[in-house]
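As stored in input31.txt (compact mmCIF, C-alpha atoms):
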```txt
# COMPACT_ATOMS: atom_id res chain seq x y z
CA MET A 1291 87.44 -79.94 -29.44
CA SER A 1292 85.88 -83.10 -28.01
CA THR A 1293 82.91 -84.70 -29.77
CA GLN A 1294 81.94 -86.76 -26.72
CA PRO A 1295 79.00 -84.51 -25.65
CA ASN A 1296 77.57 -84.65 -29.18
CA ALA A 1297 77.88 -88.44 -29.25
CA THR A 1298 76.21 -88.66 -25.83
CA GLY A 1299 73.36 -86.44 -26.96
CA PHE A 1300 72.82 -88.52 -30.09
CA ARG A 1301 72.83 -91.71 -28.02
CA ASP A 1302 70.19 -90.24 -25.70
CA ARG A 1303 67.98 -89.26 -28.63
CA LEU A 1304 68.42 -92.69 -30.25
CA CYS A 1305 67.56 -94.46 -26.99
CA GLN A 1306 64.46 -92.31 -26.61
CA LEU A 1307 63.46 -93.07 -30.20
CA LEU A 1308 63.93 -96.85 -30.02
CA GLU A 1309 63.02 -97.66 -26.44
CA HIS A 1310 60.77 -95.02 -24.91
CA ASP A 1311 59.03 -92.83 -27.48
CA HIS A 1312 56.04 -94.98 -28.48
CA LEU A 1313 53.24 -92.46 -28.01
CA PRO A 1314 50.79 -92.15 -30.94
CA HIS A 1315 52.01 -89.94 -33.82
CA SER A 1316 55.48 -89.63 -32.29
CA ALA A 1317 58.72 -90.30 -34.18
CA GLY A 1318 59.23 -93.47 -32.14
CA SER A 1319 55.81 -94.83 -33.09
CA ARG A 1320 56.55 -94.17 -36.76
CA VAL A 1321 59.84 -96.06 -36.49
CA ALA A 1322 58.00 -98.93 -34.79
CA ARG A 1323 55.41 -99.06 -37.58
CA LEU A 1324 58.20 -99.04 -40.17
CA ILE A 1325 59.93 -101.99 -38.49
CA VAL A 1326 56.64 -103.91 -38.27
CA ALA A 1327 56.05 -103.30 -42.00
CA ILE A 1328 59.56 -104.56 -42.82
CA ILE A 1329 58.96 -107.69 -40.72
CA ILE A 1330 55.71 -108.45 -42.55
CA VAL A 1331 57.23 -107.87 -46.00
CA ASP A 1332 60.26 -110.04 -45.16
CA VAL A 1333 58.15 -112.93 -43.87
CA LEU A 1334 55.89 -112.75 -46.93
CA ALA A 1335 58.98 -112.81 -49.17
CA MET A 1336 60.20 -115.97 -47.43
CA ILE A 1337 56.80 -117.60 -47.87
CA LEU A 1338 56.86 -116.82 -51.59
CA ILE A 1339 60.42 -118.14 -51.93
CA SER A 1340 59.15 -121.54 -50.78
CA VAL A 1341 56.89 -121.71 -53.87
CA PRO A 1342 59.13 -123.01 -56.71
CA GLU A 1343 57.21 -121.28 -59.52
CA ILE A 1344 57.33 -117.88 -57.82
CA ASP A 1345 60.92 -118.35 -56.68
CA ALA A 1346 62.05 -119.16 -60.23
CA ARG A 1347 60.41 -116.02 -61.60
CA PHE A 1348 61.15 -113.48 -58.83
CA ASP A 1349 64.27 -114.98 -57.27
CA LEU A 1350 66.34 -111.79 -57.49
CA VAL A 1351 63.62 -109.49 -56.12
CA LEU A 1352 62.73 -111.75 -53.19
CA THR A 1353 66.38 -112.30 -52.31
CA LEU A 1354 67.06 -108.55 -52.36
CA ILE A 1355 64.06 -107.94 -50.10
CA ASP A 1356 65.33 -110.52 -47.62
CA ARG A 1357 68.88 -109.17 -47.63
CA ALA A 1358 67.68 -105.59 -47.20
CA ALA A 1359 65.47 -106.64 -44.28
CA LEU A 1360 68.30 -108.61 -42.65
CA THR A 1361 70.62 -105.61 -43.03
CA LEU A 1362 68.08 -103.35 -41.34
CA PHE A 1363 67.49 -105.87 -38.53
CA THR A 1364 71.25 -106.09 -37.98
CA LEU A 1365 71.64 -102.31 -37.88
CA GLU A 1366 68.66 -102.02 -35.54
CA TYR A 1367 70.20 -104.53 -33.14
CA LEU A 1368 73.53 -102.73 -33.12
CA ALA A 1369 71.76 -99.38 -32.63
CA ARG A 1370 69.79 -100.74 -29.67
CA LEU A 1371 72.92 -102.30 -28.19
CA TRP A 1372 74.74 -98.95 -28.39
CA ALA A 1373 71.81 -96.72 -27.38
CA VAL A 1374 70.64 -98.72 -24.37
CA ALA A 1375 73.67 -97.45 -22.45
CA ALA A 1376 72.10 -93.98 -22.39
CA ASP A 1377 69.91 -95.05 -19.47
CA ALA A 1378 72.93 -95.87 -17.30
CA PRO A 1379 73.02 -92.57 -15.30
CA GLN A 1380 69.30 -92.64 -14.48
CA ARG A 1381 69.28 -96.30 -13.47
CA GLY A 1382 72.56 -96.23 -11.56
CA ILE A 1383 73.98 -99.16 -13.58
CA SER A 1384 77.09 -99.23 -15.71
CA ALA A 1385 76.66 -98.93 -19.47
CA ARG A 1386 78.31 -102.32 -20.03
CA ARG A 1387 75.90 -103.95 -17.58
CA LEU A 1388 72.90 -102.49 -19.37
CA GLN A 1389 74.23 -103.71 -22.72
CA LEU A 1390 74.75 -107.21 -21.34
CA ASN A 1391 71.24 -107.15 -19.85
CA TYR A 1392 69.85 -106.33 -23.30
CA VAL A 1393 71.93 -109.02 -25.04
CA PHE A 1394 70.68 -111.75 -22.71
CA SER A 1395 67.11 -110.47 -22.36
CA SER A 1396 64.29 -112.26 -24.16
CA LEU A 1397 63.81 -109.32 -26.55
CA GLY A 1398 67.55 -109.14 -27.19
CA VAL A 1399 67.68 -112.84 -28.04
CA ILE A 1400 64.69 -112.44 -30.37
CA ASP A 1401 66.42 -109.49 -32.08
CA VAL A 1402 69.48 -111.67 -32.72
CA LEU A 1403 67.40 -114.60 -33.98
CA ALA A 1404 65.75 -112.25 -36.48
CA PHE A 1405 68.94 -111.90 -38.53
CA LEU A 1406 71.83 -114.16 -37.41
CA PRO A 1407 70.43 -117.59 -38.43
CA SER A 1408 69.25 -116.16 -41.76
CA TRP A 1409 72.70 -114.73 -42.55
CA MET A 1410 74.26 -118.12 -41.75
CA ALA A 1411 71.74 -119.98 -43.93
CA MET A 1412 72.29 -117.51 -46.76
CA PHE A 1413 76.07 -117.96 -46.70
CA MET A 1414 75.63 -121.74 -46.63
CA GLY A 1415 73.40 -121.48 -49.70
CA ASP A 1416 70.70 -123.75 -48.26
CA ARG A 1417 67.42 -122.40 -49.65
CA ALA A 1418 65.13 -124.47 -47.42
CA THR A 1419 67.02 -123.52 -44.25
CA MET A 1420 66.95 -119.88 -45.32
CA VAL A 1421 63.15 -120.04 -45.62
CA VAL A 1422 62.81 -121.64 -42.19
CA CYS A 1423 65.09 -119.04 -40.59
CA GLY A 1424 63.22 -116.34 -42.50
CA MET A 1425 60.18 -116.98 -40.33
CA LEU A 1426 62.06 -115.99 -37.16
CA PRO A 1427 61.70 -112.20 -37.67
CA PHE A 1428 57.99 -112.69 -36.97
CA LEU A 1429 58.98 -113.10 -33.30
CA LYS A 1430 60.07 -109.45 -33.27
CA LEU A 1431 56.39 -108.48 -33.27
CA VAL A 1432 56.42 -109.36 -29.57
CA ARG A 1433 58.14 -106.01 -28.93
CA TYR A 1434 55.36 -104.08 -30.67
CA SER A 1435 52.29 -106.14 -29.73
CA PRO A 1436 50.83 -105.64 -26.23
CA ALA A 1437 48.73 -108.79 -26.71
CA MET A 1438 51.77 -110.95 -27.46
CA ARG A 1439 53.66 -109.45 -24.53
CA SER A 1440 50.69 -110.19 -22.28
CA LEU A 1441 50.60 -113.79 -23.52
CA LEU A 1442 54.32 -114.25 -22.85
CA ALA A 1443 53.90 -112.71 -19.40
CA ALA A 1444 51.01 -115.10 -18.75
CA LEU A 1445 53.13 -118.10 -19.78
CA GLN A 1446 55.96 -116.85 -17.60
CA SER A 1447 53.73 -116.40 -14.55
CA GLU A 1448 52.17 -119.86 -14.94
CA ARG A 1449 55.34 -121.72 -15.94
CA ARG A 1450 55.27 -123.95 -12.86
CA ALA A 1451 51.65 -124.96 -13.41
CA LEU A 1452 52.32 -125.60 -17.11
CA PHE A 1453 55.38 -127.67 -16.24
CA GLY A 1454 53.18 -129.67 -13.87
CA CYS A 1455 50.74 -130.30 -16.73
CA LEU A 1456 53.63 -131.50 -18.87
CA VAL A 1457 54.75 -133.93 -16.16
CA ILE A 1458 51.20 -135.27 -15.85
CA LEU A 1459 50.98 -135.66 -19.63
CA VAL A 1460 54.25 -137.60 -19.76
CA GLY A 1461 53.02 -139.83 -16.94
CA ALA A 1462 49.74 -140.48 -18.79
CA VAL A 1463 51.61 -141.34 -22.00
CA LEU A 1464 53.80 -143.84 -20.16
CA LEU A 1465 50.83 -145.34 -18.31
CA PHE A 1466 48.62 -145.92 -21.36
CA ALA A 1467 51.53 -146.98 -23.56
CA SER A 1468 52.60 -149.64 -21.05
CA LEU A 1469 48.99 -150.86 -20.67
CA LEU A 1470 48.58 -151.26 -24.43
CA TYR A 1471 51.99 -152.92 -24.67
CA GLY A 1472 50.92 -155.50 -22.08
CA ILE A 1473 47.54 -156.10 -23.78
CA GLU A 1474 48.42 -155.94 -27.49
CA HIS A 1475 52.09 -156.86 -27.89
CA ASP A 1476 51.29 -160.50 -28.75
CA VAL A 1477 48.40 -159.58 -31.06
CA GLN A 1478 50.13 -156.70 -32.90
CA PRO A 1479 53.88 -157.07 -32.34
CA ASP A 1480 54.65 -154.70 -35.21
CA LYS A 1481 52.67 -151.86 -33.59
CA PHE A 1482 52.77 -152.59 -29.86
CA GLY A 1483 55.86 -154.81 -29.69
CA ASN A 1484 57.60 -152.45 -27.25
CA VAL A 1485 56.75 -149.47 -25.05
CA PRO A 1486 58.39 -146.79 -27.29
CA ALA A 1487 56.28 -148.03 -30.23
CA ALA A 1488 53.14 -147.98 -28.08
CA MET A 1489 53.96 -144.42 -26.98
CA TRP A 1490 53.19 -143.18 -30.51
CA TRP A 1491 49.62 -144.47 -30.15
CA ALA A 1492 49.37 -142.95 -26.65
CA ILE A 1493 50.57 -139.54 -27.83
CA VAL A 1494 48.18 -139.25 -30.78
CA THR A 1495 45.29 -140.57 -28.69
CA LEU A 1496 45.89 -138.27 -25.70
CA GLY A 1497 46.40 -135.42 -28.13
CA THR A 1498 42.93 -136.18 -29.55
CA VAL A 1499 44.45 -136.41 -33.04
CA GLY A 1500 43.70 -140.09 -33.62
CA TYR A 1501 45.44 -140.71 -36.94
CA GLY A 1502 44.09 -144.28 -37.05
CA ASP A 1503 47.41 -145.74 -38.21
CA VAL A 1504 47.79 -147.60 -34.90
CA VAL A 1505 44.64 -148.88 -33.15
CA PRO A 1506 44.01 -151.65 -30.60
CA VAL A 1507 42.03 -154.68 -31.81
CA THR A 1508 41.29 -156.48 -28.53
CA ALA A 1509 38.29 -155.65 -26.34
CA MET A 1510 40.52 -154.77 -23.38
CA GLY A 1511 42.72 -152.59 -25.58
CA ARG A 1512 39.71 -150.67 -26.85
CA LEU A 1513 38.46 -150.16 -23.29
CA VAL A 1514 41.83 -148.66 -22.36
CA SER A 1515 41.52 -146.45 -25.45
CA VAL A 1516 38.24 -145.02 -24.13
CA PHE A 1517 39.95 -143.92 -20.92
CA ALA A 1518 42.88 -142.58 -22.93
CA ILE A 1519 40.58 -140.45 -25.10
CA VAL A 1520 38.77 -139.02 -22.06
CA GLY A 1521 42.11 -138.41 -20.36
CA GLY A 1522 43.34 -136.66 -23.50
CA LEU A 1523 40.43 -134.20 -23.38
CA ILE A 1524 41.34 -133.40 -19.79
CA MET A 1525 45.02 -133.04 -20.73
CA ILE A 1526 44.13 -130.49 -23.43
CA ALA A 1527 41.61 -128.57 -21.32
CA LEU A 1528 43.86 -128.19 -18.28
CA PRO A 1529 46.74 -126.11 -19.75
CA VAL A 1530 44.31 -124.19 -22.00
CA ALA A 1531 42.30 -123.13 -18.95
CA ILE A 1532 45.47 -122.15 -17.07
CA VAL A 1533 46.82 -120.05 -19.94
CA ALA A 1534 43.42 -118.46 -20.67
CA ARG A 1535 42.95 -117.42 -17.05
CA ALA A 1536 46.51 -116.10 -16.77
CA PHE A 1537 46.16 -114.20 -20.06
CA ALA A 1538 42.88 -112.61 -18.93
CA ASP A 1539 44.44 -111.67 -15.59
CA GLU A 1540 47.46 -110.14 -17.34
CA VAL A 1541 45.28 -108.06 -19.69
CA HIS A 1542 43.13 -106.95 -16.75
CA ARG A 1543 46.25 -106.07 -14.76
CA ARG A 1544 47.67 -104.04 -17.66
CA ASP A 1545 44.40 -102.19 -18.17
CA PHE A 1546 44.18 -101.57 -14.43
CA VAL A 1547 47.67 -100.05 -14.37
CA VAL A 1548 46.93 -97.88 -17.41
CA THR A 1549 43.66 -96.63 -15.94
CA TRP A 1550 45.26 -96.04 -12.55
CA SER A 1551 48.07 -94.01 -14.10
CA MET A 1552 45.59 -91.90 -16.06
CA LEU A 1553 43.56 -91.16 -12.94
CA ALA A 1554 46.67 -90.34 -10.93
CA ARG A 1555 47.72 -87.76 -13.54
CA VAL A 1556 44.51 -85.74 -13.07
CA PRO A 1557 45.37 -82.83 -10.72
CA LEU A 1558 42.01 -83.25 -9.01
CA PHE A 1559 42.94 -86.81 -7.98
CA SER A 1560 46.73 -86.56 -7.71
CA GLN A 1561 46.80 -86.44 -3.91
CA LEU A 1562 44.27 -89.21 -3.35
CA GLY A 1563 45.20 -92.50 -1.75
CA ALA A 1564 44.93 -95.93 -3.30
CA GLU A 1565 41.53 -96.65 -1.77
CA GLU A 1566 39.98 -93.43 -3.07
CA ILE A 1567 41.36 -93.92 -6.60
CA ALA A 1568 40.10 -97.52 -6.60
CA ASP A 1569 36.63 -96.25 -5.67
CA ILE A 1570 36.69 -93.79 -8.56
CA MET A 1571 37.88 -96.51 -10.98
CA ARG A 1572 34.77 -98.53 -10.23
CA LEU A 1573 32.64 -95.64 -11.48
CA LEU A 1574 34.25 -95.47 -14.91
CA ARG A 1575 32.21 -96.67 -17.89
CA ALA A 1576 33.62 -97.61 -21.29
CA GLN A 1577 32.50 -95.78 -24.42
CA THR A 1578 33.53 -96.07 -28.08
CA ILE A 1579 33.00 -93.43 -30.76
CA GLU A 1580 33.66 -93.79 -34.47
CA SER A 1581 35.79 -91.54 -36.65
CA SER A 1582 34.19 -88.09 -37.23
CA GLU A 1583 31.55 -88.76 -34.55
CA ILE A 1584 30.84 -85.81 -32.25
CA LEU A 1585 31.12 -86.66 -28.56
CA VAL A 1586 29.96 -83.32 -27.09
CA ARG A 1587 29.02 -79.93 -28.54
CA ARG A 1588 30.02 -76.50 -27.37
CA GLY A 1589 27.37 -74.94 -25.14
CA GLU A 1590 25.90 -78.23 -23.92
CA PRO A 1591 25.80 -78.85 -20.16
CA ALA A 1592 28.99 -80.65 -19.09
CA SER A 1593 28.22 -83.64 -16.89
CA SER A 1594 31.19 -86.01 -17.44
CA MET A 1595 34.93 -86.08 -17.79
CA TYR A 1596 36.65 -88.42 -20.23
CA PHE A 1597 39.87 -90.45 -20.36
CA ILE A 1598 41.16 -91.50 -23.79
CA THR A 1599 42.38 -95.11 -23.72
CA ALA A 1600 42.88 -95.45 -27.49
CA GLY A 1601 42.47 -93.14 -30.45
CA GLU A 1602 42.36 -89.36 -30.67
CA VAL A 1603 39.86 -86.51 -30.41
CA GLU A 1604 39.92 -82.94 -31.67
CA ILE A 1605 38.54 -80.16 -29.46
CA GLU A 1606 37.33 -77.06 -31.29
CA LEU A 1607 37.62 -74.15 -28.86
CA PRO A 1608 36.56 -70.56 -29.59
CA THR A 1609 40.15 -69.50 -30.30
CA GLN A 1610 41.94 -72.68 -31.34
CA ARG A 1611 41.75 -76.35 -32.17
CA VAL A 1612 43.69 -78.92 -30.17
CA ARG A 1613 44.03 -82.68 -30.30
CA LEU A 1614 44.20 -85.08 -27.39
CA ALA A 1615 45.55 -88.60 -27.87
CA GLU A 1616 45.79 -91.84 -25.91
CA GLY A 1617 46.50 -91.39 -22.19
CA THR A 1618 45.07 -87.87 -21.86
CA PHE A 1619 41.86 -86.56 -20.30
CA PHE A 1620 39.49 -83.62 -20.63
CA GLY A 1621 36.40 -82.13 -19.00
CA GLU A 1622 37.65 -82.32 -15.42
CA ILE A 1623 35.85 -79.11 -14.47
CA ALA A 1624 32.57 -80.87 -15.29
CA LEU A 1625 32.99 -82.91 -12.11
CA LEU A 1626 33.29 -79.79 -9.98
CA ARG A 1627 30.13 -78.10 -11.20
CA ARG A 1628 27.62 -78.25 -14.03
CA ALA A 1629 29.46 -76.02 -16.49
CA ASP A 1630 28.82 -75.55 -20.19
CA ARG A 1631 31.03 -77.29 -22.70
CA SER A 1632 33.65 -74.83 -23.92
CA GLY A 1633 34.39 -76.76 -27.11
CA THR A 1634 33.04 -79.31 -29.56
CA VAL A 1635 34.80 -82.66 -29.25
CA THR A 1636 35.05 -84.85 -32.38
CA ALA A 1637 36.84 -88.17 -32.87
CA THR A 1638 39.55 -88.02 -35.55
CA ARG A 1639 39.52 -91.81 -35.69
CA LYS A 1640 37.86 -94.66 -33.82
CA THR A 1641 38.38 -93.83 -30.16
CA ARG A 1642 37.83 -95.69 -26.89
CA LEU A 1643 37.08 -93.64 -23.80
CA LEU A 1644 36.41 -94.06 -20.12
CA ALA A 1645 33.74 -91.69 -18.85
CA LEU A 1646 33.26 -90.53 -15.26
CA ASP A 1647 29.80 -89.02 -14.74
CA ALA A 1648 29.44 -86.12 -12.34
CA LYS A 1649 26.37 -87.60 -10.62
CA ASP A 1650 28.24 -90.82 -9.79
CA PHE A 1651 31.28 -88.85 -8.69
CA HIS A 1652 29.28 -86.63 -6.31
CA ALA A 1653 27.46 -89.65 -4.93
CA LEU A 1654 30.87 -91.12 -4.09
CA ILE A 1655 32.24 -88.03 -2.34
CA ALA A 1656 28.98 -87.75 -0.39
CA ARG A 1657 29.77 -91.18 1.08
CA VAL A 1658 33.44 -90.38 1.77
CA PRO A 1659 33.83 -87.13 3.77
CA ALA A 1660 37.64 -87.12 3.56
CA LEU A 1661 37.47 -87.31 -0.22
CA ALA A 1662 34.86 -84.54 -0.30
CA ALA A 1663 37.12 -82.26 1.79
CA HIS A 1664 40.05 -82.79 -0.56
CA ILE A 1665 37.92 -82.21 -3.66
CA GLU A 1666 36.44 -79.01 -2.22
CA LYS A 1667 39.90 -77.65 -1.43
CA THR A 1668 41.27 -78.55 -4.86
CA ALA A 1669 38.18 -77.30 -6.68
CA LYS A 1670 38.65 -73.71 -5.55
CA ALA A 1671 42.14 -73.57 -7.04
CA ARG A 1672 41.12 -75.42 -10.19
CA LEU A 1673 38.12 -73.21 -10.92
CA ALA A 1674 40.17 -70.09 -10.36
CA ASP A 1675 42.63 -71.26 -13.04
CA THR A 1676 39.97 -72.07 -15.66
CA PRO A 1677 41.00 -70.18 -18.81
CA ASP A 1678 37.53 -69.84 -20.31
CA GLY A 1679 35.90 -68.00 -17.45
CA PRO A 1680 32.97 -69.24 -15.39
CA LYS A 1681 31.57 -71.49 -18.15
CA GLY A 1682 34.66 -73.35 -19.32
CA ASP A 1683 34.97 -77.07 -18.66
CA ILE A 1684 38.59 -77.54 -19.88
CA ALA A 1685 41.44 -76.45 -17.63
CA ALA A 1686 44.83 -75.05 -18.64
CA GLU A 1687 46.70 -78.27 -17.81
CA GLU A 1688 44.49 -80.22 -20.22
CA ILE A 1689 45.23 -77.78 -23.04
CA ALA A 1690 48.95 -78.16 -22.25
CA LEU A 1691 48.65 -81.92 -22.85
CA ALA A 1692 47.21 -81.36 -26.30
CA SER A 1693 48.83 -81.02 -29.69
CA PRO A 1694 47.71 -78.24 -32.05
CA GLY A 1695 44.96 -79.24 -34.44
CA PRO A 1696 44.57 -78.05 -38.01
CA THR A 1697 43.80 -74.37 -38.29
CA SER A 1698 40.22 -73.51 -39.07
CA SER A 1699 39.35 -72.19 -42.49
CA ASP A 1700 36.61 -69.98 -41.04
```
Whole structure given in structure tokens:
Amino acid sequence: MSTQPNATGFRDRLCQLLEHDHLPHSAGSRVARLIVAIIIVDVLAMILISVPEIDARFDLVLTLIDRAALTLFTLEYLARLWAVAADAPQRGISARRLQLNYVFSSLGVIDVLAFLPSWMAMFMGDRATMVVCGMLPFLKLVRYSPAMRSLLAALQSERRALFGCLVILVGAVLLFASLLYGIEHDVQPDKFGNVPAAMWWAIVTLGTVGYGDVVPVTAMGRLVSVFAIVGGLIMIALPVAIVARAFADEVHRRDFVVTWSMLARVPLFSQLGAEEIADIMRLLRAQTIESSEILVRRGEPASSMYFITAGEVEIELPTQRVRLAEGTFFGEIALLRRADRSGTVTATRKTRLLALDAKDFHALIARVPALAAHIEKTAKARLADTPDGPKGDIAAEEIALASPGPTSSD
């Protein structure tokens, strides 16, 4: 009997676990947190190895930690390399092509750098090199940190502008170094006797470091230094401004996509066009609630629906308790009419929400007749499917998105 179907099924599950299943409280998120913990412990072990007193006392323990971490990083890389082929049928690409794409991707290269240089340094027996290579696993956090991914995306999008800044900086270094060479080479031949020597002064001056080991002594040389210092401030500010703007745009773009996808999942809005959804997005207001804080109580008038952008809430219904996590929504019926809350909503941990108030929503559809017609048509079907009768504000689809909460002791 062939074992190929079993192997294929295991590969699919492994691919889902490593690459796709990163929702809160899922198996994939737990694996990701475990890998992050291993990275942190391994980097800390390498830092401690660099301290001679600690290394002499805990050499065996720290070395075992590093070798265990490197073994796990190696196995993780091989598992990803094998499992990534599971996406071949859906993407219409050969398994070998997908594996090569992973090997030469930025994340694939980082995964290799996390273990290969350290293994080589360990076999060579060079302690200092092993410590330096032991810092490379920190780069793996890029895979698990949205902020770091956004920063890399920002650098990628602005690479041409940043390269232009580098060219300008090199030109400024050459310009000021040659000026100081011409002015000071007779006065200080040991420091400005040639252009390469003068470039050290230009670099530290434009970089606003100013070590003071090389300084001009002539009046003209000091005047050039003033312009070099001012130029250095501009050189620093220019790429910082470019990266900061690109990073902010990338974060805004990511949040926009996340919010858009959440809105598009709501059955009430699923058939709306881009313009209508954009209008609704402008009405959303951010709200944060702390752990154990009650957002709404059962029986209160329902006047808003909520989208969970981070965290988790527990909804205590008359017959059950359910939990909704990041990316889900609740209270859609509140937009259709002023219903009563059918459950008490409490944050299980610090939670960020986007709220859409009914009064703002109805003001919008009053201005857009086409949107009002669609909402009216959808509302009839949605209200008919409400599981809690005429007063419920949570629809069946929202309950289906939830995970069961702890059973009540009442």
Option closest in space to A:Thr1618, from A:Leu1371, A:Phe1651, A:Leu1573, A:Thr1549 [counting all atoms listed in the file]: A:Thr1549
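In this structure, atom CA of A:Met1410 sits 13.2 Å away from atom CA of A:Leu1426.
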Within 12 Å of A:Gly1497, counting all atoms listed in the file, which residues qualify if same-chain residues fewer than 5 places away don't, as a compact mmCIF listing (two decimals) with C-alpha atoms, in the frame of the given file?
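Output saved as selection-v5.txt:
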```txt
# COMPACT_ATOMS: atom_id res chain seq x y z
CA LEU A 1459 50.98 -135.66 -19.63
CA VAL A 1460 54.25 -137.60 -19.76
CA ALA A 1462 49.74 -140.48 -18.79
CA VAL A 1463 51.61 -141.34 -22.00
CA MET A 1489 53.96 -144.42 -26.98
CA TRP A 1490 53.19 -143.18 -30.51
CA TRP A 1491 49.62 -144.47 -30.15
CA ALA A 1492 49.37 -142.95 -26.65
CA ALA A 1518 42.88 -142.58 -22.93
CA ILE A 1519 40.58 -140.45 -25.10
CA VAL A 1520 38.77 -139.02 -22.06
CA GLY A 1521 42.11 -138.41 -20.36
CA GLY A 1522 43.34 -136.66 -23.50
CA LEU A 1523 40.43 -134.20 -23.38
CA ILE A 1524 41.34 -133.40 -19.79
CA MET A 1525 45.02 -133.04 -20.73
CA ILE A 1526 44.13 -130.49 -23.43
CA ALA A 1527 41.61 -128.57 -21.32
```
Length of the atom CA of A:Pro1486 to atom CA of A:Ile1532 vector [Å]: 29.6 Å
Top pick for closest residue to A:Arg1417, considering A:Val1541, A:Val1374, A:Ala1531, A:Ile1337 and counting all atoms listed in the file: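 Closest to A:Arg1417, using all atoms listed in the file: A:Ile1337.
Atom CA of A:Leu1397 is positioned 25.8 Å from atom CA of A:Ala1418.
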Would you mind listing, for every residue of stretch 1484-1582 of chain A within 12 Å of stretch 1655-1659 of chain A, the two atoms forming the shortest contact and the distance between them in Å to one decimal, using all atoms listed in the file, sorted by chain and ascending residue number, as a Markdown table?
```
| residue | atom | partner | partner_atom | distance |
| --- | --- | --- | --- | --- |
| A:Glu1565 | CA | A:Val1658 | CA | 10.8 |
| A:Glu1566 | CA | A:Val1658 | CA | 8.7 |
| A:Ile1567 | CA | A:Ile1655 | CA | 11.7 |
| A:Asp1569 | CA | A:Ile1655 | CA | 9.9 |
| A:Ile1570 | CA | A:Ile1655 | CA | 9.6 |
| A:Leu1573 | CA | A:Ile1655 | CA | 11.9 |
```
Residue with smallest distance to A:Gln1577 - pool A:Pro1506, A:Gly1589, A:Gly1472, A:Gly1601, counting all atoms listed in the file: A:Gly1601
